[in-house]
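K.L.:
Structure file my_file-v4.txt, compact mmCIF, C-alpha atoms, is pasted below:
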```txt
# COMPACT_ATOMS: atom_id res chain seq x y z
CA MET A 4 -47.37 51.72 23.41
CA ARG A 5 -45.01 54.61 24.09
CA LEU A 6 -44.61 55.68 27.70
CA SER A 7 -43.38 59.25 27.72
CA THR A 8 -43.60 62.48 29.67
CA LYS A 9 -46.48 63.48 27.42
CA GLY A 10 -48.53 60.51 28.60
CA ARG A 11 -47.54 61.05 32.22
CA PHE A 12 -48.59 64.71 32.14
CA ALA A 13 -51.86 63.83 30.40
CA VAL A 14 -52.76 61.26 33.07
CA THR A 15 -51.82 63.71 35.84
CA ALA A 16 -53.94 66.47 34.30
CA MET A 17 -56.91 64.13 33.81
CA ILE A 18 -56.75 63.12 37.48
CA ASP A 19 -56.68 66.82 38.40
CA VAL A 20 -59.76 67.53 36.27
CA ALA A 21 -61.60 64.49 37.63
CA LEU A 22 -60.90 65.51 41.24
CA ARG A 23 -62.17 69.06 40.76
CA GLU A 24 -64.99 68.48 38.28
CA PRO A 25 -67.76 68.54 40.94
CA PHE A 26 -66.97 72.25 41.40
CA GLY A 27 -67.45 72.99 37.69
CA PRO A 28 -65.23 73.16 34.61
CA VAL A 29 -61.51 73.22 35.43
CA PRO A 30 -59.41 75.92 33.68
CA LEU A 31 -56.05 74.87 32.24
CA THR A 32 -54.36 77.76 34.04
CA ASP A 33 -55.35 76.23 37.38
CA ILE A 34 -54.01 72.81 36.35
CA ALA A 35 -50.78 74.41 35.14
CA LEU A 36 -50.26 76.12 38.50
CA ARG A 37 -51.10 73.08 40.62
CA GLN A 38 -49.20 70.49 38.59
CA HIS A 39 -46.29 72.69 37.40
CA ILE A 40 -46.94 71.94 33.73
CA SER A 41 -46.56 74.53 30.98
CA LEU A 42 -49.88 76.06 29.91
CA SER A 43 -49.03 75.78 26.21
CA TYR A 44 -48.13 72.10 26.69
CA LEU A 45 -51.46 71.50 28.46
CA GLU A 46 -53.29 73.21 25.61
CA GLN A 47 -51.70 70.77 23.15
CA LEU A 48 -52.52 67.77 25.34
CA PHE A 49 -56.13 68.81 25.94
CA GLY A 50 -56.62 69.50 22.25
CA LYS A 51 -55.78 65.85 21.57
CA LEU A 52 -57.85 64.62 24.52
CA ARG A 53 -60.82 66.62 23.23
CA GLN A 54 -60.38 65.22 19.71
CA HIS A 55 -60.55 61.70 21.15
CA GLY A 56 -63.69 62.52 23.13
CA LEU A 57 -62.17 62.17 26.60
CA VAL A 58 -62.81 65.78 27.70
CA THR A 59 -65.25 68.51 26.79
CA SER A 60 -64.43 72.19 26.77
CA VAL A 61 -66.66 74.91 28.20
CA ARG A 62 -66.04 78.41 26.87
CA GLY A 63 -66.51 81.77 28.47
CA PRO A 64 -66.13 83.07 32.02
CA GLY A 65 -66.00 80.16 34.42
CA GLY A 66 -65.09 77.84 31.56
CA GLY A 67 -62.56 75.06 31.39
CA TYR A 68 -62.57 71.31 30.84
CA THR A 69 -64.76 68.50 32.12
CA ILE A 70 -64.55 64.74 31.70
CA SER A 71 -66.84 63.73 28.83
CA ASN A 72 -67.38 60.07 29.80
CA ARG A 73 -67.90 58.33 33.09
CA PHE A 74 -64.68 58.02 35.09
CA ASP A 75 -64.86 54.24 35.19
CA SER A 76 -65.02 53.97 31.39
CA ILE A 77 -61.77 55.90 30.76
CA THR A 78 -58.56 53.93 31.13
CA VAL A 79 -54.95 55.05 31.36
CA ALA A 80 -54.38 53.37 27.98
CA ASP A 81 -57.12 55.57 26.46
CA ILE A 82 -55.43 58.71 27.78
CA ILE A 83 -51.92 57.72 26.68
CA CYS A 84 -53.04 56.58 23.22
CA ALA A 85 -54.96 59.86 22.76
CA VAL A 86 -51.96 62.11 23.37
CA GLU A 87 -49.26 60.03 21.71
CA ASP A 88 -48.62 60.82 18.07
CA ALA A 89 -48.80 57.20 16.95
CA PRO A 90 -51.24 54.45 17.95
CA PRO A 91 -49.85 51.22 19.42
CA LYS A 92 -47.78 49.53 16.74
CA ALA A 93 -48.79 46.27 15.19
CA LYS A 94 -46.23 43.53 14.75
CA GLN A 95 -43.70 44.56 12.08
CA PRO A 96 -42.68 42.23 9.25
CA GLU A 97 -39.36 40.49 9.68
CA ALA A 98 -36.48 42.88 9.02
CA SER A 99 -33.39 40.97 10.03
CA ALA A 100 -32.23 37.97 11.99
CA VAL A 101 -30.72 40.18 14.73
CA GLN A 102 -34.02 41.95 15.30
CA ASP A 103 -35.79 38.59 15.57
CA LEU A 104 -33.71 37.71 18.63
CA THR A 105 -35.32 40.39 20.80
CA GLN A 106 -38.47 41.39 18.93
CA GLU A 107 -40.56 38.78 20.69
CA LEU A 108 -39.38 40.10 24.07
CA TRP A 109 -40.31 43.72 23.22
CA ASP A 110 -43.67 42.73 21.72
CA SER A 111 -44.48 40.72 24.85
CA MET A 112 -43.47 43.58 27.15
CA ASN A 113 -45.47 46.07 25.08
CA ALA A 114 -48.55 43.83 25.29
CA LYS A 115 -48.21 43.52 29.08
CA VAL A 116 -47.84 47.29 29.50
CA PHE A 117 -50.89 47.86 27.31
CA ASP A 118 -52.91 45.26 29.26
CA PHE A 119 -51.89 46.85 32.57
CA THR A 120 -52.72 50.42 31.49
CA HIS A 121 -55.99 49.20 29.96
CA ALA A 122 -56.96 47.68 33.34
CA VAL A 123 -56.37 50.90 35.33
CA THR A 124 -59.30 53.33 35.16
CA LEU A 125 -59.39 57.04 35.84
CA LYS A 126 -61.90 56.36 38.60
CA SER A 127 -59.47 54.05 40.43
CA LEU A 128 -56.74 56.71 40.23
CA VAL A 129 -59.10 59.36 41.61
CA LEU A 130 -60.18 57.05 44.44
CA ASP A 131 -56.49 56.38 45.25
CA GLN A 132 -55.88 60.13 45.50
CA LEU A 133 -58.90 60.64 47.73
CA ALA A 134 -57.81 57.73 49.95
CA ALA A 135 -54.41 59.40 50.31
CA ASP A 136 -56.25 62.43 51.81
CA ILE A 137 -55.39 64.83 49.02
CA LYS A 138 -56.91 68.27 49.64
CA VAL A 139 -59.35 69.21 46.90
CA GLU A 140 -60.24 72.82 47.48
CA GLN A 141 -62.92 74.73 45.68
CA LYS A 142 -61.55 77.80 43.99
CA ALA A 143 -63.17 80.98 45.28
CA GLN A 144 -65.51 82.47 42.71
CA PRO A 145 -64.44 85.93 41.58
CA ASN A 146 -66.75 88.82 42.50
CA ARG A 147 -68.58 89.80 39.36
CA GLY A 148 -71.39 92.26 39.03
CA VAL A 149 -72.29 95.21 41.21
CA PHE A 150 -69.79 96.15 43.89
CA LYS A 151 -70.40 98.18 47.01
CA LYS A 152 -69.12 101.72 46.89
CA PRO A 153 -65.70 101.78 48.53
CA VAL A 154 -65.42 103.69 51.76
CA HIS A 155 -62.74 106.37 51.53
CA LEU A 156 -61.03 107.01 54.83
CA SER A 157 -58.75 109.96 55.30
CA ILE A 158 -55.24 108.84 56.03
CA ARG A 159 -54.77 111.60 58.63
CA PRO A 160 -58.12 112.89 59.85
CA ASN A 161 -56.72 115.90 61.80
CA VAL A 162 -54.55 117.27 59.00
CA PRO A 163 -55.89 120.01 56.74
CA ASN A 164 -56.56 118.86 53.20
CA SER A 165 -56.11 122.26 51.49
CA VAL A 166 -54.36 125.60 51.82
CA PHE A 167 -57.62 127.24 52.86
CA ALA A 168 -58.19 124.73 55.68
CA LEU A 169 -54.59 125.31 56.80
CA GLY A 170 -55.27 129.07 56.88
CA ARG A 171 -58.40 128.55 58.98
CA ILE A 172 -56.55 126.36 61.45
CA SER A 173 -53.66 128.80 61.72
CA ARG A 174 -56.09 131.72 62.36
CA THR A 175 -57.86 129.81 65.13
CA LEU A 176 -54.59 128.78 66.76
CA GLY A 177 -52.83 131.95 66.41
```
Please rewrite the model in this file as structure tokens.

P.N.:
Amino acid sequence: MRLSTKGRFAVTAMIDVALREPFGPVPLTDIALRQHISLSYLEQLFGKLRQHGLVTSVRGPGGGYTISNRFDSITVADIICAVEDAPPKAKQPEASAVQDLTQELWDSMNAKVFDFTHAVTLKSLVLDQLAADIKVEQKAQPNRGVFKKPVHLSIRPNVPNSVFALGRISRTLG
């Protein structure tokens, strides 16, 4: 299993979606702003997550992404394997005697990392964030539809607004 920035960003973005999903679909632009991740990079990651059935996309105004499964059924290993270009490697045939010296060590470490990430669920990560008192705010819904007519206030109510009004004022004063 490869542990890279791609996997780290994918896990971070999935936690963000899971935290805010009760308020509706989460747009990638909001995740990009909150987590300081490039929008185009998030689009690539969420394309892969959607292909693997971890998220669902909602189109149109108010659209975004939602978690497609239950939080407790998605593991960190599922997320990382979905965004990485290659699945976890199987044991390679013997290449050389030098490689044999350390190959067992790396295979063992890789298996332990996979077991650990497979034991950590998205739900446990979300609960950790909520226990740390993270603020999950609901984004204000934009005003759509019929608006009230704006009230136009004169900037200077006692100043004439035309040449004719100026003439009338000057005649009365003078």

K.L.:
Under the rule that all atoms listed in the file are counted, which of A:Ser43, A:Ala168, A:Phe49, A:Asp19 is the nearest residue to Ile137 in chain A?

P.N.:
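Result for the nearest residue to Ile137 in chain A: A:Asp19.
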
K.L.:
Grab the CA of Asp81 in chain A to CA of Leu42 in chain A distance for me, in Å with one decimal place.

P.N.:
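Computing the Euclidean distance for CA of Asp81 in chain A and CA of Leu42 in chain A yields 22.0 Å.
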
K.L.:
Please list as a PyMOL selection string every residue within 12 Å of Arg53 in chain A, counting all atoms listed in the file and excluding residues in the same chain fewer than 3 positions away.

P.N.:
chain A and resi 13+17+45-50+56-61+67-72+82+85-86

K.L.:
When you draw a straight line from CA of Val79 in chain A to CA of Thr120 in chain A, how long is it in Å?

P.N.:
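About the pair CA of Val79 in chain A and CA of Thr120 in chain A: they are 5.1 Å apart.
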
K.L.:
May I have the residues within 6 Å of Ile77 in chain A as a list in words, using only C-alpha atoms and disregarding those fewer than 2 positions away in the same chain?

P.N.:
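Contacts, in chain order: Phe74, Asp75, Thr124 and Leu125 of chain A.
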
K.L.:
I'd like to know which of A:Leu31, A:Ala16, A:Ala21, A:Met4 is closest to Val139 in chain A, using all atoms listed in the file.

P.N.:
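The shortest atom-to-atom distance to Val139 in chain A comes from A:Ala21.
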
K.L.:
Would you compute the distance between CA of Thr78 in chain A and CA of Val123 in chain A? Give it in Å to one decimal.

P.N.:
5.6 Å

K.L.:
Using all atoms listed in the file, which of the listed residues (A:Ile40, A:Leu176, A:Val129, A:Leu108) sits closest to Lys9 in chain A?

P.N.:
A:Ile40

K.L.:
Could you check which of A:Ala134, A:Ala80, A:Val14, A:Ala35 is closest to Lys115 in chain A, using only C-alpha atoms?

P.N.:
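Checking each of A:Ala134, A:Ala80, A:Val14, A:Ala35 against Lys115 in chain A, counting only C-alpha atoms, the winner is A:Ala80.
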
K.L.:
Find the residue from A:Asp110, A:Gly10, A:Ser173, A:Ile18 that sits nearest to Gln38 in chain A; use all atoms listed in the file when measuring.

P.N.:
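So, comparing all the options, the nearest one is A:Ile18.
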
K.L.:
I need the residue nearest Val20 in chain A from this list: A:Val154, A:Leu128, A:Val116, A:Val166. Use all atoms listed in the file for the distance.

P.N.:
A:Leu128
